[in-house]
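S.K.: Quick one: the structure is below, questions incoming.
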Amino acid sequence: MKKELSAIDAKYEAQKIAFGPMYFQAVVALRDLGILQFINNNRKGVSIETIIEKSDVSEYGVTLLLEAAEVLGVVEIENEIVKISKVGFFLLKDEMTRVNINFMNDVCYLGAKSMTESIKNGQPEGLKTLGDWPTIYEGLSVLPEPAKTSWFEFDHYYSDNAFPEALKIVFRNHPKLIFDVGGNTGKWSFACCNYNPDVRIKILDLPVQLKVAKANAAEKGLTDRIDFHEINLLDQEQKIPEGADVIWMSQFLDCFSKEQIIQILENAYQAASENTTLYILEPFFDNQNFPAAHHSLVATSLYFTIMANGNSKMYRIEVMKDLARKAGFEIVETYPLIGDSYHTILECKKRV
């Protein structure tokens, strides 16, 4: 049971929210100017005077940022000696934290001001800060830097860690043809080809995404094993072809609304035979072992709102199961939090 906050503590928590954007940018500046790394290099402590001397930043700038960092618990200051805290260490060295900060700063920060309008209109109103597309997916291959790098690092971080265990699950029944739906840059398809020398893959995605996947496949010498199928799954006239042993959707369905997910899964249903297995891999925010993951995934839903498409989110596990059932599938197995990742795999079969 949570302890009830006092009025004083509650007011303090409210100020953290009120000034959150300023403190966030202070930490980014502290990192990008090399000050936080310099403090970390002097683990026993370093004087403020030395930091000013070595950082090539004015006394005013260093003092300002250190005061903010102390409030946030990023550094500890005693008698003008500064030491990095555990929080500061994670800001510097933890991969999840690095990826999240860059994604928020480079992709989402400017667009976040459009949250209210995005909610009201059901459109990603913040996306205009990056480019002129109806959704971010049409623009992924041409995003301006550093947004492009930060977007793909974020996307791959929250999917690639699941691949080693996911491959074992998917290949238990020795599939010969896998459809990689929403295959993006092709990383899952390439992992499948490396895992099994006989499997064939068909990547299904928007033309702009397939252009990138084709180039990557050519670079890896895999075009003889990977085919490409252009499809817009929001167009009900465009059908997923038949013939797959496995239909794989990796962190794909969270890019759509509930109604769209049912439409996409119904499309998969018409393409599936009784022998086809549908695998849905998702980081369900209510199925996490650690609060950092839960916190990050709920925040990712806000990204979908303001920057991606205005109507998608990270889902609860039972919501996704219900959507799959409504589309005609039954959940035959649930693999929770596979490997060292944040992901669950739902194994589904066509209900006949």
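To be explicit about the labels: the chains of the structure tokens are called A, B, and onward in the order shown, and within each one the residues are counted from 1, while ligands get numbers from 1 in the order they are shown.
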Could you please write out, as a PyMOL selection string, every residue of segment 231-348 of chain A that DSSP assigns to helix (DSSP H, G or I)?

M.R.: chain A and resi 253-255+258-271+291-308+317-326

S.K.: Within 9 Å of Lys326 of chain A, counting only C-alpha atoms, which residues show up once you throw out same-chain ones fewer than 4 positions away? Write them as a list in words, please.

M.R.: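 Close residues of Lys326 of chain A: Ile262, Leu265, Glu266, Lys321 and Asp322 of chain A.
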
S.K.: Selection from above, N, CA and C atoms, as a PDB file, in the first residue's frame, can you write it?

M.R.:
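So the final result, stored in again.pdb, reads:
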ATOM      1  N   ILE A 262      -7.413  -4.965 -35.204  1.00  0.00           N
ATOM      2  CA  ILE A 262      -8.366  -6.014 -35.590  1.00  0.00           C
ATOM      3  C   ILE A 262      -8.389  -6.172 -37.105  1.00  0.00           C
ATOM      4  N   LEU A 265      -5.209  -7.989 -38.151  1.00  0.00           N
ATOM      5  CA  LEU A 265      -5.237  -9.400 -37.766  1.00  0.00           C
ATOM      6  C   LEU A 265      -6.280 -10.184 -38.563  1.00  0.00           C
ATOM      7  N   GLU A 266      -7.365  -9.546 -38.943  1.00  0.00           N
ATOM      8  CA  GLU A 266      -8.333 -10.206 -39.827  1.00  0.00           C
ATOM      9  C   GLU A 266      -7.715 -10.471 -41.194  1.00  0.00           C
ATOM     10  N   LYS A 321      -4.610  -9.760 -26.413  1.00  0.00           N
ATOM     11  CA  LYS A 321      -5.186 -11.098 -26.548  1.00  0.00           C
ATOM     12  C   LYS A 321      -6.636 -11.013 -27.008  1.00  0.00           C
ATOM     13  N   ASP A 322      -7.371 -10.082 -26.432  1.00  0.00           N
ATOM     14  CA  ASP A 322      -8.783  -9.914 -26.799  1.00  0.00           C
ATOM     15  C   ASP A 322      -8.926  -9.491 -28.261  1.00  0.00           C
TER      16      ASP A 322
END

S.K.: Write out as a PDB file with N, CA, C and O atoms, in the first residue's frame each polymer residue whose atoms come within 10 Å of Ile77 of chain A, counting only C-alpha atoms; drop sequence neighbours fewer than 6 positions from it.

M.R.:
ATOM      1  N   GLY A  45      35.819  12.551  -6.576  1.00  0.00           N
ATOM      2  CA  GLY A  45      35.367  13.925  -6.410  1.00  0.00           C
ATOM      3  C   GLY A  45      36.285  14.904  -7.104  1.00  0.00           C
ATOM      4  O   GLY A  45      37.493  14.668  -7.244  1.00  0.00           O
ATOM      5  N   VAL A  46      35.711  16.008  -7.566  1.00  0.00           N
ATOM      6  CA  VAL A  46      36.471  17.029  -8.262  1.00  0.00           C
ATOM      7  C   VAL A  46      35.894  18.386  -7.892  1.00  0.00           C
ATOM      8  O   VAL A  46      34.683  18.531  -7.714  1.00  0.00           O
ATOM      9  N   SER A  47      36.747  19.370  -7.777  1.00  0.00           N
ATOM     10  CA  SER A  47      36.276  20.691  -7.368  1.00  0.00           C
ATOM     11  C   SER A  47      35.542  21.383  -8.503  1.00  0.00           C
ATOM     12  O   SER A  47      35.816  21.133  -9.687  1.00  0.00           O
ATOM     13  N   ILE A  48      34.617  22.243  -8.119  1.00  0.00           N
ATOM     14  CA  ILE A  48      33.890  23.029  -9.116  1.00  0.00           C
ATOM     15  C   ILE A  48      34.871  23.877  -9.916  1.00  0.00           C
ATOM     16  O   ILE A  48      34.739  24.033 -11.138  1.00  0.00           O
ATOM     17  N   LEU A  66      25.290  22.470 -12.649  1.00  0.00           N
ATOM     18  CA  LEU A  66      25.545  21.664 -11.454  1.00  0.00           C
ATOM     19  C   LEU A  66      24.454  21.846 -10.409  1.00  0.00           C
ATOM     20  O   LEU A  66      24.078  20.891  -9.714  1.00  0.00           O
ATOM     21  N   GLU A  67      23.946  23.056 -10.294  1.00  0.00           N
ATOM     22  CA  GLU A  67      22.849  23.287  -9.343  1.00  0.00           C
ATOM     23  C   GLU A  67      21.618  22.486  -9.735  1.00  0.00           C
ATOM     24  O   GLU A  67      20.938  21.899  -8.883  1.00  0.00           O
ATOM     25  N   ALA A  69      21.695  19.720 -11.572  1.00  0.00           N
ATOM     26  CA  ALA A  69      22.039  18.309 -11.411  1.00  0.00           C
ATOM     27  C   ALA A  69      21.963  17.878  -9.957  1.00  0.00           C
ATOM     28  O   ALA A  69      21.551  16.752  -9.654  1.00  0.00           O
ATOM     29  N   GLU A  70      22.319  18.764  -9.051  1.00  0.00           N
ATOM     30  CA  GLU A  70      22.243  18.437  -7.628  1.00  0.00           C
ATOM     31  C   GLU A  70      20.786  18.268  -7.187  1.00  0.00           C
ATOM     32  O   GLU A  70      20.447  17.341  -6.444  1.00  0.00           O
ATOM     33  N   LYS A  83      30.725  14.940  -6.857  1.00  0.00           N
ATOM     34  CA  LYS A  83      30.829  13.514  -7.171  1.00  0.00           C
ATOM     35  C   LYS A  83      29.592  13.093  -7.960  1.00  0.00           C
ATOM     36  O   LYS A  83      28.497  13.593  -7.729  1.00  0.00           O
ATOM     37  N   ILE A  84      29.793  12.156  -8.882  1.00  0.00           N
ATOM     38  CA  ILE A  84      28.653  11.635  -9.623  1.00  0.00           C
ATOM     39  C   ILE A  84      27.875  10.668  -8.733  1.00  0.00           C
ATOM     40  O   ILE A  84      28.458   9.946  -7.918  1.00  0.00           O
ATOM     41  N   SER A  85      26.552  10.670  -8.871  1.00  0.00           N
ATOM     42  CA  SER A  85      25.704   9.760  -8.110  1.00  0.00           C
ATOM     43  C   SER A  85      25.390   8.524  -8.943  1.00  0.00           C
ATOM     44  O   SER A  85      25.770   8.432 -10.117  1.00  0.00           O
TER      45      SER A  85
END

S.K.: Choose the residue, out of A:Pro175, A:Gly122, A:Gly139, A:Pro207, that has the smallest atom-to-atom separation from Thr276 of chain A; count only C-alpha atoms.

M.R.: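 For Thr276 of chain A, the nearest of the given residues is A:Pro175.
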
S.K.: Grab the atom CA of Lys187 of chain A to atom CA of Asn216 of chain A distance for me, in Å with one decimal place.

M.R.: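 Computed distance, atom CA of Lys187 of chain A to atom CA of Asn216 of chain A, equals 8.9 Å.
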
S.K.: Report as a ChimeraX atom specification: the residues of segment 104-258 of chain A with a DSSP assignment of strand (DSSP E), based on the backbone of this structure.

M.R.: /A:177-181,200-205,226-230,246-250

S.K.: Write the residues you've just listed into a file as a compact mmCIF listing (two decimals), in the first residue's frame, and include N, CA and C atoms for each of them.

M.R.:
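Written output follows (result_37.txt):
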# COMPACT_ATOMS: atom_id res chain seq x y z
N LEU A 177 8.78 -21.00 -44.62
CA LEU A 177 8.49 -19.67 -45.15
C LEU A 177 7.90 -18.81 -44.05
N ILE A 178 8.56 -17.70 -43.77
CA ILE A 178 8.12 -16.76 -42.73
C ILE A 178 7.76 -15.44 -43.38
N PHE A 179 6.60 -14.91 -43.04
CA PHE A 179 6.23 -13.56 -43.44
C PHE A 179 6.58 -12.61 -42.29
N ASP A 180 7.46 -11.67 -42.56
CA ASP A 180 7.86 -10.65 -41.59
C ASP A 180 7.01 -9.41 -41.86
N VAL A 181 5.91 -9.29 -41.15
CA VAL A 181 4.94 -8.21 -41.40
C VAL A 181 5.37 -6.95 -40.65
N ARG A 200 13.08 -19.34 -45.90
CA ARG A 200 12.85 -18.23 -46.82
C ARG A 200 11.96 -17.21 -46.10
N ILE A 201 12.18 -15.94 -46.44
CA ILE A 201 11.47 -14.85 -45.78
C ILE A 201 10.79 -13.98 -46.82
N LYS A 202 9.63 -13.48 -46.46
CA LYS A 202 8.98 -12.43 -47.25
C LYS A 202 8.71 -11.26 -46.31
N ILE A 203 9.30 -10.12 -46.62
CA ILE A 203 9.08 -8.92 -45.82
C ILE A 203 7.91 -8.14 -46.42
N LEU A 204 6.92 -7.82 -45.58
CA LEU A 204 5.76 -7.06 -46.01
C LEU A 204 5.78 -5.71 -45.30
N ASP A 205 5.80 -4.63 -46.09
CA ASP A 205 5.84 -3.31 -45.48
C ASP A 205 5.51 -2.26 -46.53
N ILE A 226 15.30 -13.72 -49.48
CA ILE A 226 14.30 -12.79 -48.96
C ILE A 226 13.56 -12.14 -50.11
N ASP A 227 12.23 -12.23 -50.08
CA ASP A 227 11.38 -11.55 -51.04
C ASP A 227 10.73 -10.35 -50.36
N PHE A 228 10.18 -9.46 -51.17
CA PHE A 228 9.61 -8.22 -50.65
C PHE A 228 8.22 -8.01 -51.24
N HIS A 229 7.29 -7.66 -50.36
CA HIS A 229 5.89 -7.50 -50.79
C HIS A 229 5.39 -6.14 -50.29
N GLU A 230 5.15 -5.23 -51.22
CA GLU A 230 4.64 -3.91 -50.86
C GLU A 230 3.19 -4.01 -50.40
N VAL A 246 4.74 -19.26 -40.94
CA VAL A 246 4.74 -18.35 -39.79
C VAL A 246 4.45 -16.94 -40.29
N ILE A 247 3.53 -16.27 -39.60
CA ILE A 247 3.33 -14.82 -39.78
C ILE A 247 3.85 -14.16 -38.52
N TRP A 248 4.85 -13.32 -38.69
CA TRP A 248 5.58 -12.72 -37.56
C TRP A 248 5.29 -11.22 -37.53
N MET A 249 4.89 -10.74 -36.35
CA MET A 249 4.65 -9.31 -36.16
C MET A 249 5.42 -8.88 -34.91
N SER A 250 6.55 -8.26 -35.14
CA SER A 250 7.44 -7.86 -34.05
C SER A 250 7.28 -6.38 -33.75

S.K.: Near Ala68 of chain A, counting only C-alpha atoms, which residues have an atom at most 10 Å away, once you skip same-chain residues fewer than 5 positions from it, shown as a ChimeraX atom specification?

M.R.: /A:22-24,26-27,30,63,73-75

S.K.: Need the shell around Leu127 of chain A: protein/DNA/RNA residues with any atom at most 8 Å away, counting only C-alpha atoms. Skip same-chain ones fewer than 5 positions apart. Format as JSON, numbers by chain?

M.R.: {"A": [111, 132, 133, 135, 136, 306, 307, 308]}

S.K.: Might you pull out every residue within 10 Å of segment 252-261 of chain A, with only C-alpha atoms counted and same-chain residues fewer than 3 positions away left off, and present them as a PyMOL selection string?

M.R.: chain A and resi 137+181-184+233-234+248-249+264-267+280-284+301+304+308-315+319-320+323-324+327

S.K.: Using the selection just defined, write its residues with N, CA and C atoms as a CSV table (one decimal), in the first residue's frame.

M.R.:
chain,number,residue,atom,x,y,z
A,137,TYR,N,5.8,6.9,-40.2
A,137,TYR,CA,6.3,5.7,-40.9
A,137,TYR,C,6.6,6.0,-42.4
A,181,VAL,N,5.9,-9.3,-41.1
A,181,VAL,CA,4.9,-8.2,-41.4
A,181,VAL,C,5.4,-7.0,-40.7
A,182,GLY,N,5.6,-5.9,-41.4
A,182,GLY,CA,6.1,-4.7,-40.8
A,182,GLY,C,7.6,-4.8,-40.5
A,183,GLY,N,8.3,-5.4,-41.5
A,183,GLY,CA,9.7,-5.8,-41.3
A,183,GLY,C,10.7,-4.7,-41.2
A,184,ASN,N,10.3,-3.5,-41.4
A,184,ASN,CA,11.1,-2.3,-41.2
A,184,ASN,C,12.5,-2.5,-41.9
A,233,LEU,N,-1.2,-1.9,-44.9
A,233,LEU,CA,-2.2,-2.8,-44.2
A,233,LEU,C,-3.4,-2.0,-43.7
A,234,LEU,N,-3.4,-0.7,-43.9
A,234,LEU,CA,-4.6,0.1,-43.5
A,234,LEU,C,-5.5,0.2,-44.7
A,248,TRP,N,4.9,-13.3,-38.7
A,248,TRP,CA,5.6,-12.7,-37.6
A,248,TRP,C,5.3,-11.2,-37.5
A,249,MET,N,4.9,-10.7,-36.4
A,249,MET,CA,4.7,-9.3,-36.2
A,249,MET,C,5.4,-8.9,-34.9
A,264,ILE,N,-6.0,-5.5,-39.3
A,264,ILE,CA,-4.7,-6.2,-39.7
A,264,ILE,C,-4.7,-7.6,-39.3
A,265,LEU,N,-5.2,-8.0,-38.2
A,265,LEU,CA,-5.2,-9.4,-37.8
A,265,LEU,C,-6.3,-10.2,-38.6
A,266,GLU,N,-7.4,-9.5,-38.9
A,266,GLU,CA,-8.3,-10.2,-39.8
A,266,GLU,C,-7.7,-10.5,-41.2
A,267,ASN,N,-6.8,-9.6,-41.6
A,267,ASN,CA,-6.1,-9.8,-42.9
A,267,ASN,C,-5.2,-11.0,-42.8
A,280,ILE,N,2.9,-12.8,-32.2
A,280,ILE,CA,2.9,-11.4,-31.9
A,280,ILE,C,3.9,-11.1,-30.8
A,281,LEU,N,4.9,-10.3,-31.1
A,281,LEU,CA,5.9,-9.9,-30.1
A,281,LEU,C,5.6,-8.5,-29.7
A,282,GLU,N,5.4,-8.2,-28.4
A,282,GLU,CA,5.1,-6.9,-27.9
A,282,GLU,C,5.7,-6.7,-26.5
A,283,PRO,N,6.1,-5.4,-26.2
A,283,PRO,CA,6.5,-5.1,-24.8
A,283,PRO,C,5.2,-4.6,-24.1
A,284,PHE,N,4.4,-5.4,-23.5
A,284,PHE,CA,3.2,-5.0,-22.8
A,284,PHE,C,3.6,-4.3,-21.6
A,301,SER,N,3.8,5.5,-25.4
A,301,SER,CA,2.5,5.7,-25.9
A,301,SER,C,2.3,7.2,-26.2
A,304,PHE,N,3.7,7.9,-29.6
A,304,PHE,CA,2.8,7.5,-30.6
A,304,PHE,C,1.7,8.6,-30.9
A,308,ALA,N,3.9,9.8,-34.0
A,308,ALA,CA,3.8,8.7,-34.9
A,308,ALA,C,2.6,8.7,-35.7
A,309,ASN,N,1.4,8.6,-35.1
A,309,ASN,CA,0.1,8.5,-35.9
A,309,ASN,C,-1.1,9.1,-35.2
A,310,GLY,N,-0.9,9.4,-33.9
A,310,GLY,CA,-2.0,10.0,-33.2
A,310,GLY,C,-3.1,9.1,-32.6
A,311,ASN,N,-2.9,7.8,-32.9
A,311,ASN,CA,-4.0,6.9,-32.4
A,311,ASN,C,-3.5,5.5,-31.9
A,312,SER,N,-2.2,5.3,-31.7
A,312,SER,CA,-1.7,4.0,-31.3
A,312,SER,C,-1.1,4.2,-29.9
A,313,LYS,N,-0.7,3.0,-29.3
A,313,LYS,CA,-0.1,3.1,-28.0
A,313,LYS,C,0.5,1.7,-27.7
A,314,MET,N,1.2,1.7,-26.5
A,314,MET,CA,1.6,0.4,-25.9
A,314,MET,C,0.4,-0.2,-25.2
A,315,TYR,N,0.1,-1.5,-25.3
A,315,TYR,CA,-1.1,-2.1,-24.8
A,315,TYR,C,-0.8,-2.9,-23.6
A,319,VAL,N,-5.6,-6.9,-23.4
A,319,VAL,CA,-6.2,-6.1,-24.5
A,319,VAL,C,-5.8,-6.7,-25.8
A,320,MET,N,-4.5,-7.0,-26.0
A,320,MET,CA,-4.0,-7.6,-27.2
A,320,MET,C,-4.5,-9.0,-27.5
A,323,LEU,N,-8.1,-8.6,-28.7
A,323,LEU,CA,-8.1,-8.2,-30.1
A,323,LEU,C,-7.8,-9.3,-31.1
A,324,ALA,N,-6.8,-10.2,-30.7
A,324,ALA,CA,-6.5,-11.3,-31.5
A,324,ALA,C,-7.7,-12.3,-31.6
A,327,ALA,N,-10.4,-11.1,-33.9
A,327,ALA,CA,-10.0,-11.3,-35.4
A,327,ALA,C,-10.1,-12.7,-35.8

S.K.: Do you know which residues are at most 12 Å from Lys349 of chain A counting only C-alpha atoms, after dropping those on the same chain fewer than 6 positions away, and could you put them as a ChimeraX atom specification?

M.R.: /A:245-247,265,268-269,271-280,324-325,327-333

S.K.: Which residue is closest to Leu65 of chain A? Choose from A:Asn40, A:Ala29, A:Glu165, A:Lys86 and count only C-alpha atoms.

M.R.: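 That would be A:Ala29, the residue with the smallest distance to Leu65 of chain A.
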
S.K.: In Å to one decimal, how far is atom CA of Gly20 of chain A from atom CA of Ala112 of chain A?

M.R.: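 Separation between atom CA of Ala112 of chain A and atom CA of Gly20 of chain A: 12.5 Å.
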
S.K.: Nearest to Lys168 of chain A: which of A:Ala191, A:Ala147, A:Ala215, A:Leu130 is it, counting only C-alpha atoms?

M.R.: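 The shortest atom-to-atom distance to Lys168 of chain A comes from A:Ala191.
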
S.K.: Between atom CA of Ile81 of chain A and atom CA of Asp94 of chain A, what is the distance in Å, rounded to a tenth?

M.R.: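 It comes out at 24.4 Å.
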
S.K.: With only C-alpha atoms as the atoms that count, which of A:Cys193, A:Leu337, A:Asp235, A:Ala14 lies nearest to Ala217 of chain A?

M.R.: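 Closest residue, counting only C-alpha atoms: A:Cys193.
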